[in-house]
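As structure tokens, the structure follows; a few thoughts come after it.
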Number of protein chains: 2
Amino acid sequence: MINYELYKVFYWAAKTGSLTQAAKALFLTQPSVSHAIKQLEDSFGVTLFYRNSKGVALTHEGAVLYSYIEQSQILISLAEKKMAELKNLDSGELKIGGSDSLFKHYLLPFLEDFHRQHPGITLSLIHGTTPEVITFLKEGRIDLGVVRMPIVDPQLEVREGIQLQDCFVAGAHYAELKNKTMSFNMLLQYPIILFSRNSRARMAVTELFHDYGYELKPEIEVGSVDLLIELARKGLGISYVTREFVSKELEEGSLFEIRLDVQLPPSQVGIMIMRNMPLSSAAKTFIERVR
Amino acid sequence: MINYELYKVFYWAAKTGSLTQAAKALFLTQPSVSHAIKQLEDSFGVTLFYRNSKGVALTHEGAVLYSYIEQSQILISLAEKKMAELKNLDSGELKIGGSDSLFKHYLLPFLEDFHRQHPGITLSLIHGTTPEVITFLKEGRIDLGVVRMPIVDPQLEVREGIQLQDCFVAGAHYAELKNKTMSFNMLLQYPIILFSRNSRARMAVTELFHDYGYELKPEIEVGSVDLLIELARKGLGISYVTREFVSKELEEGSLFEIRLDVQLPPSQVGIMIMRNMPLSSAAKTFIERVR
DNA sequence: AGGAGATATAGACGGTATCTATGATCAATT
DNA sequence: AATTGATCATAGATACCGTCTATATCTCCT
């Protein structure tokens, strides 16, 4: 089998029309190039160059070979350029899985920053529930996932992100509850609005109530955090939301937090990646920035 | 600079999805392949494969590289296949320069034979006078030339071919000259038809007459051997032609040779190639066959 | 738990790619 | 015609590195 390194030498010899020039381009000596060409000629059993005192010129056979090798070498240089781009984050793709609310309230500043610094990298945000995101990750459809902890999966490696605090909030309609400390029992007298069944936060709070001997059953169930907030503002009930996601509404007073006599458990955001799987350069730097 | 040999290894590893399989395809051991891939990854600073117990799979970066390298490697294999074809004379081109009459009366059987054995090779017959053929040869427009000897040119290498004998012939109109031995003087009483001025044979015979103290001036001058023959048959004069080229007409009696008291000099056909220039495989074998 | 199959690592060896030095050839210049 | 300055070719020595064997590590499957 022919050593492909020889084609590199052949390419430069043909391109420059001189073994000496080829040697310079390849940081070799002229005899090395001469030897390499000879090897190629011997293995094909064909003469590739006419030699004269001015340099070399392709024979018909050499020209045929060159027509293929030139393309081949050009592709390789393109490949090398592309790889350098990927390495330098001048091009590439970064695919992140998670929930829209986490993208919006947690990742957004990092994403903005990253995109400003590496405009050549395409950002793909793929929406999904926690189990879906885990599947995406395992199928290689995303580089990393952003979800609520805890995640227990031996195939995954999770880094803790910021801590979030879920809470119950209500709007002006329930103004009488403001500054009142309530028990679970009292709370359950009011219509409750929860996120859809398969959400991590929903499951956690349901379980908490269960531990205290109560059943948390929502009046209304919605599929988007924005809707959760909107319904609470309109006075349709008391929504269970992440405090950090309604900071604006709490500040402006369109929503207020229900004070409870029980401390609701905080939830940790985690950035998860596949364990023992290499990260793309883009993913690597992005995760570093987020920490 | 990256050793292009590594791309060959990368190609097979990606293609087979297994370092072990790649090693088999390349007649290497698995550690060699593993090492080669590592080298590539190190020089790009990027991970190219996910490794697991089933084999390897391309990372995003690896897939990008593969999209280039695959094409490149395919081109190289095509090149190698093509070179083998050229070597085996399954494809290629053979360009020969010379006069139409030499092609027709001398080279034709060889050409037929060669073409039958190597139908993949394109035959190009390029018509020209001796000096033109020499120019073609020096410019690389033909592989070899077939001309009358002698050729004196230090850049050329000439092999002798068959010997030809020029002679004067006439048709039925001059039947009285048949079997008569004539002198130059007698011959000059008749209208002479000669080939155009710059022909090798014409120059030789003119010089011969001159040496004997005669001036050979044609009544008619033509540019094709066929015409030379035709005019003689029609009785417009006595043509100076190559005997081997009118063997058919001499046999069937439509022409007869004028017997002279002086032996006309024979002329040698030569196959000429560039000295110190490599021949294409096609040209090499063709010349060998002609000998 | 153990085996089969994958890749990674370590260290030794040998082939060969590369170098230096020199020769041969040609072309242009003096 | 001799000289100079290019080119490529050849020979022989050296050292690098590509490849090997042996072994470790990991994962999956029985």
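Each chain in the structure tokens gets a letter, A, B, ..., in the order shown, and its residues are numbered from 1; ligands are numbered from 1 in order too.
DSSP secondary structure from the backbone places Leu144, Gly145, Val146, Val147, Arg148, Leu156, Glu157, Val158, Arg159, Glu160, Gly161, Ile162, Gln163 and Leu164 of chain B of range 132-164 of chain B in strand (DSSP E or B).
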With a cut-off of 12 Å, could you pull out the residues of chain A touching chain D and give me the nearest pair of atoms for each, distance in Å to one decimal, using only C-alpha atoms (C1' of nucleotides), ordered by chain and ascending number, as a Markdown table?
| residue | atom | partner | partner_atom | distance |
| --- | --- | --- | --- | --- |
| A:Gly17 | CA | D:DT7 | C1' | 11.5 |
| A:Ser18 | CA | D:DT7 | C1' | 8.6 |
| A:Leu19 | CA | D:DC8 | C1' | 7.8 |
| A:Thr20 | CA | D:DT7 | C1' | 8.3 |
| A:Gln21 | CA | D:DT7 | C1' | 11.0 |
| A:Gln30 | CA | D:DC8 | C1' | 8.4 |
| A:Pro31 | CA | D:DA9 | C1' | 8.0 |
| A:Ser32 | CA | D:DA9 | C1' | 11.0 |
| A:Val33 | CA | D:DC8 | C1' | 10.1 |
| A:Ser34 | CA | D:DC8 | C1' | 7.3 |
| A:His35 | CA | D:DA9 | C1' | 8.9 |
| A:Ile37 | CA | D:DC8 | C1' | 11.3 |
| A:Lys38 | CA | D:DA9 | C1' | 10.1 |
| A:Phe49 | CA | D:DC8 | C1' | 11.2 |
| A:Tyr50 | CA | D:DC8 | C1' | 10.6 |
| A:Arg51 | CA | D:DC8 | C1' | 7.0 |
| A:Asn52 | CA | D:DT7 | C1' | 6.9 |
| A:Ser53 | CA | D:DT7 | C1' | 4.3 |
| A:Lys54 | CA | D:DT7 | C1' | 5.7 |
| A:Gly55 | CA | D:DT7 | C1' | 5.9 |
| A:Val56 | CA | D:DC8 | C1' | 8.7 |
| A:Gln155 | CA | D:DT27 | C1' | 11.8 |
| A:Asn276 | CA | D:DC26 | C1' | 10.7 |
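Counting from CA of Glu221 in chain A, the distance to CA of Ile193 in chain A is 5.8 Å.
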- Tell me, which residues of range 17-240 of chain A carry DSSP helix (DSSP H, G or I), written as a PyMOL selection string? chain A and resi 19-25+30-44+60-87+100-117+130-138+172-177+184-187+200-211+225-233
Contacts of Ile74 in chain A within 12 Å, only C-alpha atoms (C1' of nucleotides), excl. fewer than 2 positions in-chain, as a PDB file with N, CA, C and O atoms, in the first residue's frame:
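Saved to part_35.pdb:
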ATOM      1  N   TYR A   7       1.976  11.459  -1.466  1.00  0.00           N
ATOM      2  CA  TYR A   7       1.117  12.280  -2.310  1.00  0.00           C
ATOM      3  C   TYR A   7       1.255  13.762  -1.966  1.00  0.00           C
ATOM      4  O   TYR A   7       1.135  14.622  -2.823  1.00  0.00           O
ATOM      5  N   LYS A   8       1.513  14.017  -0.699  1.00  0.00           N
ATOM      6  CA  LYS A   8       1.729  15.405  -0.283  1.00  0.00           C
ATOM      7  C   LYS A   8       2.962  15.950  -1.009  1.00  0.00           C
ATOM      8  O   LYS A   8       2.947  17.060  -1.527  1.00  0.00           O
ATOM      9  N   TYR A  11       2.234  16.349  -4.710  1.00  0.00           N
ATOM     10  CA  TYR A  11       1.395  17.536  -4.931  1.00  0.00           C
ATOM     11  C   TYR A  11       2.236  18.804  -4.999  1.00  0.00           C
ATOM     12  O   TYR A  11       2.102  19.605  -5.925  1.00  0.00           O
ATOM     13  N   TRP A  12       3.119  18.943  -4.037  1.00  0.00           N
ATOM     14  CA  TRP A  12       3.923  20.170  -4.008  1.00  0.00           C
ATOM     15  C   TRP A  12       4.946  20.205  -5.131  1.00  0.00           C
ATOM     16  O   TRP A  12       5.245  21.266  -5.676  1.00  0.00           O
ATOM     17  N   LYS A  15       2.931  21.106  -8.156  1.00  0.00           N
ATOM     18  CA  LYS A  15       2.405  22.466  -8.025  1.00  0.00           C
ATOM     19  C   LYS A  15       3.480  23.513  -8.249  1.00  0.00           C
ATOM     20  O   LYS A  15       3.250  24.520  -8.915  1.00  0.00           O
ATOM     21  N   TYR A  66      -2.095  13.901 -10.987  1.00  0.00           N
ATOM     22  CA  TYR A  66      -2.242  15.208 -10.347  1.00  0.00           C
ATOM     23  C   TYR A  66      -3.697  15.662 -10.314  1.00  0.00           C
ATOM     24  O   TYR A  66      -4.147  16.253  -9.327  1.00  0.00           O
ATOM     25  N   SER A  67      -4.432  15.369 -11.382  1.00  0.00           N
ATOM     26  CA  SER A  67      -5.816  15.826 -11.435  1.00  0.00           C
ATOM     27  C   SER A  67      -6.626  15.254 -10.266  1.00  0.00           C
ATOM     28  O   SER A  67      -7.543  15.887  -9.770  1.00  0.00           O
ATOM     29  N   TYR A  68      -6.262  14.074  -9.832  1.00  0.00           N
ATOM     30  CA  TYR A  68      -6.952  13.496  -8.674  1.00  0.00           C
ATOM     31  C   TYR A  68      -6.360  14.033  -7.372  1.00  0.00           C
ATOM     32  O   TYR A  68      -7.078  14.448  -6.466  1.00  0.00           O
ATOM     33  N   ILE A  69      -5.033  13.967  -7.312  1.00  0.00           N
ATOM     34  CA  ILE A  69      -4.358  14.287  -6.045  1.00  0.00           C
ATOM     35  C   ILE A  69      -4.562  15.750  -5.663  1.00  0.00           C
ATOM     36  O   ILE A  69      -4.707  16.074  -4.488  1.00  0.00           O
ATOM     37  N   GLU A  70      -4.612  16.610  -6.656  1.00  0.00           N
ATOM     38  CA  GLU A  70      -4.805  18.026  -6.347  1.00  0.00           C
ATOM     39  C   GLU A  70      -6.095  18.221  -5.548  1.00  0.00           C
ATOM     40  O   GLU A  70      -6.091  18.837  -4.476  1.00  0.00           O
ATOM     41  N   GLN A  71      -7.182  17.670  -6.066  1.00  0.00           N
ATOM     42  CA  GLN A  71      -8.464  17.772  -5.375  1.00  0.00           C
ATOM     43  C   GLN A  71      -8.371  17.204  -3.969  1.00  0.00           C
ATOM     44  O   GLN A  71      -8.834  17.809  -2.993  1.00  0.00           O
ATOM     45  N   SER A  72      -7.754  16.051  -3.913  1.00  0.00           N
ATOM     46  CA  SER A  72      -7.625  15.367  -2.631  1.00  0.00           C
ATOM     47  C   SER A  72      -6.882  16.229  -1.606  1.00  0.00           C
ATOM     48  O   SER A  72      -7.302  16.359  -0.459  1.00  0.00           O
ATOM     49  N   ILE A  76      -8.042  18.125   1.931  1.00  0.00           N
ATOM     50  CA  ILE A  76      -7.368  17.951   3.218  1.00  0.00           C
ATOM     51  C   ILE A  76      -7.035  19.306   3.838  1.00  0.00           C
ATOM     52  O   ILE A  76      -7.234  19.506   5.029  1.00  0.00           O
ATOM     53  N   SER A  77      -6.578  20.249   3.019  1.00  0.00           N
ATOM     54  CA  SER A  77      -6.272  21.548   3.631  1.00  0.00           C
ATOM     55  C   SER A  77      -7.538  22.225   4.125  1.00  0.00           C
ATOM     56  O   SER A  77      -7.518  22.868   5.180  1.00  0.00           O
ATOM     57  N   LEU A  78      -8.631  22.066   3.378  1.00  0.00           N
ATOM     58  CA  LEU A  78      -9.901  22.605   3.857  1.00  0.00           C
ATOM     59  C   LEU A  78     -10.269  21.970   5.199  1.00  0.00           C
ATOM     60  O   LEU A  78     -10.704  22.658   6.123  1.00  0.00           O
ATOM     61  N   ALA A  79     -10.077  20.672   5.267  1.00  0.00           N
ATOM     62  CA  ALA A  79     -10.387  19.956   6.510  1.00  0.00           C
ATOM     63  C   ALA A  79      -9.563  20.520   7.653  1.00  0.00           C
ATOM     64  O   ALA A  79     -10.088  20.776   8.746  1.00  0.00           O
ATOM     65  N   GLU A  80      -8.294  20.744   7.392  1.00  0.00           N
ATOM     66  CA  GLU A  80      -7.425  21.229   8.467  1.00  0.00           C
ATOM     67  C   GLU A  80      -7.828  22.633   8.899  1.00  0.00           C
ATOM     68  O   GLU A  80      -7.805  22.960  10.088  1.00  0.00           O
ATOM     69  N   LYS A  81      -8.212  23.434   7.906  1.00  0.00           N
ATOM     70  CA  LYS A  81      -8.657  24.788   8.243  1.00  0.00           C
ATOM     71  C   LYS A  81      -9.919  24.719   9.101  1.00  0.00           C
ATOM     72  O   LYS A  81     -10.059  25.400  10.109  1.00  0.00           O
TER      73      LYS A  81
ATOM     74  N   TYR B  68     -14.748  15.719   4.956  1.00  0.00           N
ATOM     75  CA  TYR B  68     -13.701  16.135   4.023  1.00  0.00           C
ATOM     76  C   TYR B  68     -12.809  14.960   3.648  1.00  0.00           C
ATOM     77  O   TYR B  68     -12.509  14.730   2.480  1.00  0.00           O
ATOM     78  N   ILE B  69     -12.382  14.251   4.677  1.00  0.00           N
ATOM     79  CA  ILE B  69     -11.382  13.198   4.473  1.00  0.00           C
ATOM     80  C   ILE B  69     -11.937  12.067   3.616  1.00  0.00           C
ATOM     81  O   ILE B  69     -11.229  11.502   2.783  1.00  0.00           O
ATOM     82  N   GLN B  71     -14.015  12.172   1.084  1.00  0.00           N
ATOM     83  CA  GLN B  71     -13.864  12.562  -0.318  1.00  0.00           C
ATOM     84  C   GLN B  71     -12.415  12.446  -0.758  1.00  0.00           C
ATOM     85  O   GLN B  71     -12.099  11.903  -1.816  1.00  0.00           O
ATOM     86  N   SER B  72     -11.568  12.983   0.094  1.00  0.00           N
ATOM     87  CA  SER B  72     -10.143  12.986  -0.225  1.00  0.00           C
ATOM     88  C   SER B  72      -9.614  11.571  -0.440  1.00  0.00           C
ATOM     89  O   SER B  72      -8.882  11.301  -1.402  1.00  0.00           O
ATOM     90  N   GLN B  73     -10.012  10.675   0.437  1.00  0.00           N
ATOM     91  CA  GLN B  73      -9.519   9.308   0.341  1.00  0.00           C
ATOM     92  C   GLN B  73     -10.094   8.603  -0.882  1.00  0.00           C
ATOM     93  O   GLN B  73      -9.411   7.818  -1.536  1.00  0.00           O
ATOM     94  N   LEU B  75     -10.870  10.007  -3.666  1.00  0.00           N
ATOM     95  CA  LEU B  75     -10.118  10.513  -4.813  1.00  0.00           C
ATOM     96  C   LEU B  75      -8.790   9.790  -4.943  1.00  0.00           C
ATOM     97  O   LEU B  75      -8.362   9.448  -6.042  1.00  0.00           O
TER      98      LEU B  75
END
- Message: Show me, as a PyMOL selection string, the residues that have an atom within 10 Å of Ala282 in chain A when counting only C-alpha atoms (C1' of nucleotides), minus same-chain residues fewer than 3 positions from it.
- Response: chain A and resi 86-95+114+118+121-123+143+279+285-287
Please produce a file of the residues just selected, as a CSV table (one decimal), in the first residue's frame, where the atoms kept are N, CA, C and O atoms.
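Ended up saving to selection14.csv:
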chain,number,residue,atom,x,y,z
A,86,LEU,N,-13.0,25.0,14.3
A,86,LEU,CA,-13.8,24.3,15.4
A,86,LEU,C,-13.0,24.5,16.7
A,86,LEU,O,-13.6,24.7,17.7
A,87,LYS,N,-11.7,24.3,16.6
A,87,LYS,CA,-10.9,24.4,17.8
A,87,LYS,C,-11.0,25.8,18.4
A,87,LYS,O,-11.1,26.0,19.6
A,88,ASN,N,-10.9,26.8,17.5
A,88,ASN,CA,-10.9,28.2,18.0
A,88,ASN,C,-12.3,28.7,18.2
A,88,ASN,O,-12.4,29.9,18.4
A,89,LEU,N,-13.3,27.9,18.1
A,89,LEU,CA,-14.7,28.3,18.3
A,89,LEU,C,-15.1,29.4,17.3
A,89,LEU,O,-15.9,30.2,17.6
A,90,ASP,N,-14.5,29.3,16.1
A,90,ASP,CA,-14.9,30.2,15.0
A,90,ASP,C,-16.1,29.6,14.2
A,90,ASP,O,-16.7,30.3,13.5
A,91,SER,N,-16.2,28.3,14.4
A,91,SER,CA,-17.4,27.7,13.8
A,91,SER,C,-17.8,26.5,14.6
A,91,SER,O,-17.0,26.1,15.5
A,92,GLY,N,-18.9,26.0,14.4
A,92,GLY,CA,-19.3,24.8,15.1
A,92,GLY,C,-20.8,25.0,15.6
A,92,GLY,O,-21.5,25.8,15.1
A,93,GLU,N,-21.1,24.1,16.5
A,93,GLU,CA,-22.5,24.1,16.9
A,93,GLU,C,-22.5,23.7,18.4
A,93,GLU,O,-21.7,22.9,18.9
A,94,LEU,N,-23.5,24.3,19.1
A,94,LEU,CA,-23.6,24.0,20.5
A,94,LEU,C,-25.1,23.7,20.7
A,94,LEU,O,-25.9,24.6,20.5
A,95,LYS,N,-25.4,22.5,21.1
A,95,LYS,CA,-26.8,22.0,21.3
A,95,LYS,C,-27.0,21.8,22.8
A,95,LYS,O,-26.4,21.0,23.4
A,114,PHE,N,-21.9,34.1,25.3
A,114,PHE,CA,-21.2,33.2,24.4
A,114,PHE,C,-21.4,33.5,23.0
A,114,PHE,O,-20.4,33.4,22.2
A,118,HIS,N,-18.5,34.3,20.3
A,118,HIS,CA,-18.3,33.3,19.2
A,118,HIS,C,-19.4,33.3,18.3
A,118,HIS,O,-20.2,32.3,18.2
A,121,ILE,N,-20.6,30.2,16.0
A,121,ILE,CA,-21.1,29.0,16.5
A,121,ILE,C,-22.7,29.0,16.6
A,121,ILE,O,-23.2,29.9,17.2
A,122,THR,N,-23.3,28.1,16.0
A,122,THR,CA,-24.7,28.0,15.9
A,122,THR,C,-25.2,27.5,17.3
A,122,THR,O,-24.7,26.4,17.7
A,123,LEU,N,-26.1,28.2,17.9
A,123,LEU,CA,-26.7,27.7,19.1
A,123,LEU,C,-28.0,27.0,18.9
A,123,LEU,O,-28.9,27.6,18.2
A,143,ASP,N,-25.4,18.5,23.3
A,143,ASP,CA,-24.1,18.4,24.0
A,143,ASP,C,-24.3,18.4,25.5
A,143,ASP,O,-23.5,17.7,26.2
A,279,LEU,N,-16.4,16.1,25.3
A,279,LEU,CA,-17.2,17.3,24.9
A,279,LEU,C,-16.6,18.0,23.7
A,279,LEU,O,-15.4,18.0,23.5
A,285,THR,N,-16.0,24.9,26.6
A,285,THR,CA,-15.9,26.3,27.0
A,285,THR,C,-17.2,26.9,27.5
A,285,THR,O,-17.1,27.7,28.5
A,286,PHE,N,-18.3,26.5,26.9
A,286,PHE,CA,-19.6,27.1,27.5
A,286,PHE,C,-19.8,26.7,28.9
A,286,PHE,O,-20.1,27.5,29.8
A,287,ILE,N,-19.5,25.4,29.2
A,287,ILE,CA,-19.7,24.9,30.6
A,287,ILE,C,-18.8,25.6,31.6
A,287,ILE,O,-19.2,26.0,32.7
- Item | Residues near range 196-206 of chain A, cut-off 6 Å, only C-alpha atoms (C1' of nucleotides), skip fewer than 2 positions along chain, as a ChimeraX atom specification | /A:208-209,216,221-223
Residues just named, written with C-alpha atoms as a PDB file, in the first residue's frame:
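So selection03.pdb came out as:
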ATOM      1  CA  LEU A 208     -43.885  16.896  50.183  1.00  0.00           C
ATOM      2  CA  PHE A 209     -47.602  17.418  50.816  1.00  0.00           C
ATOM      3  CA  LEU A 216     -52.152  18.301  46.632  1.00  0.00           C
ATOM      4  CA  GLU A 221     -52.940  22.261  35.289  1.00  0.00           C
ATOM      5  CA  VAL A 222     -50.893  24.092  32.641  1.00  0.00           C
ATOM      6  CA  GLY A 223     -47.975  23.330  30.378  1.00  0.00           C
TER       7      GLY A 223
END
- Message: Should the cut-off be 10 Å, what would the residue list for chain C against chain B look like, counting only C-alpha atoms (C1' of nucleotides), as a ChimeraX atom specification?
- Response: /C:5-9
Any chance you can output those residues with N, CA, C and O atoms (P, O5', C5', C4', C3', O3' and C1' of nucleotides) as a short mmCIF file (atom, residue, chain, number, x, y, z; two decimals), in the first residue's frame?
data_model
loop_
_atom_site.label_atom_id
_atom_site.label_comp_id
_atom_site.auth_asym_id
_atom_site.auth_seq_id
_atom_site.Cartn_x
_atom_site.Cartn_y
_atom_site.Cartn_z
P DG C 5 -15.14 -12.83 21.63
"O5'" DG C 5 -15.03 -11.26 21.43
"C5'" DG C 5 -16.21 -10.47 21.42
"C4'" DG C 5 -15.83 -9.03 21.72
"C3'" DG C 5 -14.66 -8.51 20.87
"O3'" DG C 5 -15.08 -7.43 20.06
"C1'" DG C 5 -14.43 -7.91 23.15
P DA C 6 -14.06 -6.80 19.00
"O5'" DA C 6 -13.74 -5.36 19.61
"C5'" DA C 6 -14.78 -4.41 19.71
"C4'" DA C 6 -14.42 -3.36 20.74
"C3'" DA C 6 -13.09 -2.65 20.48
"O3'" DA C 6 -13.32 -1.51 19.67
"C1'" DA C 6 -13.34 -3.24 22.78
P DT C 7 -12.07 -0.75 19.07
"O5'" DT C 7 -11.44 0.01 20.33
"C5'" DT C 7 -12.16 1.04 20.97
"C4'" DT C 7 -11.39 1.54 22.18
"C3'" DT C 7 -10.09 2.29 21.84
"O3'" DT C 7 -10.02 3.48 22.62
"C1'" DT C 7 -9.64 0.54 23.36
P DA C 8 -8.73 4.38 22.53
"O5'" DA C 8 -7.88 3.88 23.79
"C5'" DA C 8 -8.44 3.99 25.09
"C4'" DA C 8 -7.35 3.96 26.15
"C3'" DA C 8 -6.11 4.79 25.87
"O3'" DA C 8 -5.68 5.39 27.09
"C1'" DA C 8 -5.48 2.50 26.02
P DT C 9 -4.41 6.34 27.10
"O5'" DT C 9 -3.24 5.36 27.56
"C5'" DT C 9 -3.43 4.54 28.71
"C4'" DT C 9 -2.19 3.73 28.98
"C3'" DT C 9 -0.86 4.45 28.73
"O3'" DT C 9 -0.05 4.28 29.89
"C1'" DT C 9 -0.86 2.34 27.66
#
So which residues touch range 187-189 of chain A within 12 Å, counting only C-alpha atoms (C1' of nucleotides), skipping near sequence neighbours fewer than 4 positions away, as a compact mmCIF listing (two decimals) with N, CA, C and O atoms, in the first residue's frame?
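out-v9.txt, written as the output of this step:
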# COMPACT_ATOMS: atom_id res chain seq x y z
N PHE A 168 -45.36 29.36 46.46
CA PHE A 168 -46.72 29.62 45.98
C PHE A 168 -46.90 31.11 45.88
O PHE A 168 -46.49 31.86 46.76
N VAL A 169 -47.53 31.54 44.77
CA VAL A 169 -47.76 32.98 44.59
C VAL A 169 -49.22 33.22 44.21
O VAL A 169 -49.87 32.37 43.60
N ALA A 170 -49.69 34.39 44.55
CA ALA A 170 -51.05 34.76 44.20
C ALA A 170 -51.08 36.21 43.74
O ALA A 170 -50.12 36.97 43.96
N TYR A 174 -56.34 37.67 45.74
CA TYR A 174 -56.20 37.03 47.06
C TYR A 174 -55.39 37.91 48.00
O TYR A 174 -54.65 37.41 48.84
N LEU A 177 -54.44 37.34 51.71
CA LEU A 177 -53.46 36.36 52.18
C LEU A 177 -52.08 36.96 52.35
O LEU A 177 -51.18 36.31 52.87
N LYS A 180 -49.65 36.92 55.56
CA LYS A 180 -50.28 35.92 56.43
C LYS A 180 -49.47 34.64 56.32
O LYS A 180 -49.11 34.22 55.22
N THR A 181 -49.14 34.04 57.47
CA THR A 181 -48.42 32.78 57.40
C THR A 181 -49.43 31.64 57.40
O THR A 181 -50.29 31.55 58.28
N MET A 182 -49.33 30.81 56.38
CA MET A 182 -50.35 29.79 56.17
C MET A 182 -49.80 28.38 56.36
O MET A 182 -48.61 28.15 56.21
N SER A 183 -50.72 27.48 56.68
CA SER A 183 -50.36 26.06 56.76
C SER A 183 -50.80 25.40 55.47
O SER A 183 -51.52 25.99 54.67
N ILE A 193 -52.92 26.06 41.20
CA ILE A 193 -52.53 25.90 39.79
C ILE A 193 -51.12 25.31 39.75
O ILE A 193 -50.19 25.85 40.36
N PHE A 209 -46.26 17.36 50.21
CA PHE A 209 -47.60 17.42 50.82
C PHE A 209 -48.01 16.04 51.31
O PHE A 209 -48.55 15.89 52.41
N TYR A 214 -51.17 15.31 53.34
CA TYR A 214 -52.15 16.02 52.50
C TYR A 214 -52.05 15.58 51.06
O TYR A 214 -51.00 15.10 50.60
N GLU A 215 -53.11 15.78 50.36
CA GLU A 215 -53.06 15.50 48.93
C GLU A 215 -53.16 16.81 48.18
O GLU A 215 -54.11 17.56 48.34
N LEU A 216 -52.18 17.06 47.39
CA LEU A 216 -52.15 18.30 46.63
C LEU A 216 -52.78 18.05 45.26
O LEU A 216 -52.18 17.40 44.40
N LYS A 217 -53.98 18.54 45.11
CA LYS A 217 -54.65 18.34 43.82
C LYS A 217 -54.93 19.68 43.18
O LYS A 217 -55.58 20.55 43.77
N PRO A 218 -54.43 19.90 41.95
CA PRO A 218 -54.59 21.22 41.34
C PRO A 218 -56.00 21.43 40.79
O PRO A 218 -56.63 20.48 40.35
N GLU A 219 -56.44 22.64 40.82
CA GLU A 219 -57.68 23.04 40.17
C GLU A 219 -57.42 23.13 38.68
O GLU A 219 -58.23 22.72 37.85
N GLY A 237 -56.23 31.48 40.79
CA GLY A 237 -55.81 30.56 41.83
C GLY A 237 -54.42 30.92 42.33
O GLY A 237 -53.89 31.98 42.03
N ILE A 238 -53.87 29.97 43.09
CA ILE A 238 -52.53 30.16 43.64
C ILE A 238 -51.58 29.25 42.87
O ILE A 238 -51.80 28.04 42.80
N SER A 239 -50.56 29.85 42.26
CA SER A 239 -49.65 29.08 41.42
C SER A 239 -48.40 28.67 42.17
O SER A 239 -47.90 29.43 43.03
N TYR A 240 -47.94 27.50 41.84
CA TYR A 240 -46.67 27.03 42.40
C TYR A 240 -45.60 27.29 41.34
O TYR A 240 -45.60 26.67 40.27
N ILE A 258 -46.87 33.60 48.95
CA ILE A 258 -47.60 33.11 50.11
C ILE A 258 -46.61 32.62 51.16
O ILE A 258 -45.76 31.78 50.84
N ARG A 259 -46.69 33.15 52.36
CA ARG A 259 -45.78 32.72 53.40
C ARG A 259 -46.32 31.45 54.02
O ARG A 259 -47.49 31.36 54.40
N LEU A 260 -45.50 30.43 54.12
CA LEU A 260 -45.95 29.15 54.67
C LEU A 260 -45.25 28.87 55.99
O LEU A 260 -44.15 29.38 56.24
N ASP A 261 -45.87 28.01 56.81
CA ASP A 261 -45.23 27.64 58.07
C ASP A 261 -44.26 26.48 57.87
O ASP A 261 -43.64 26.00 58.80
N VAL A 262 -44.16 26.02 56.68
CA VAL A 262 -43.21 24.94 56.35
C VAL A 262 -42.24 25.46 55.28
O VAL A 262 -42.66 26.13 54.33
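Considering only C-alpha atoms, the residue among A:Leu164, A:Leu58, A:Ala13, A:Ala84 positioned nearest to chain B is A:Ala84.
Nearest to chain B of all the residues A:His210, A:Lys82, A:His127, A:Lys138 is A:Lys82, based on only C-alpha atoms.
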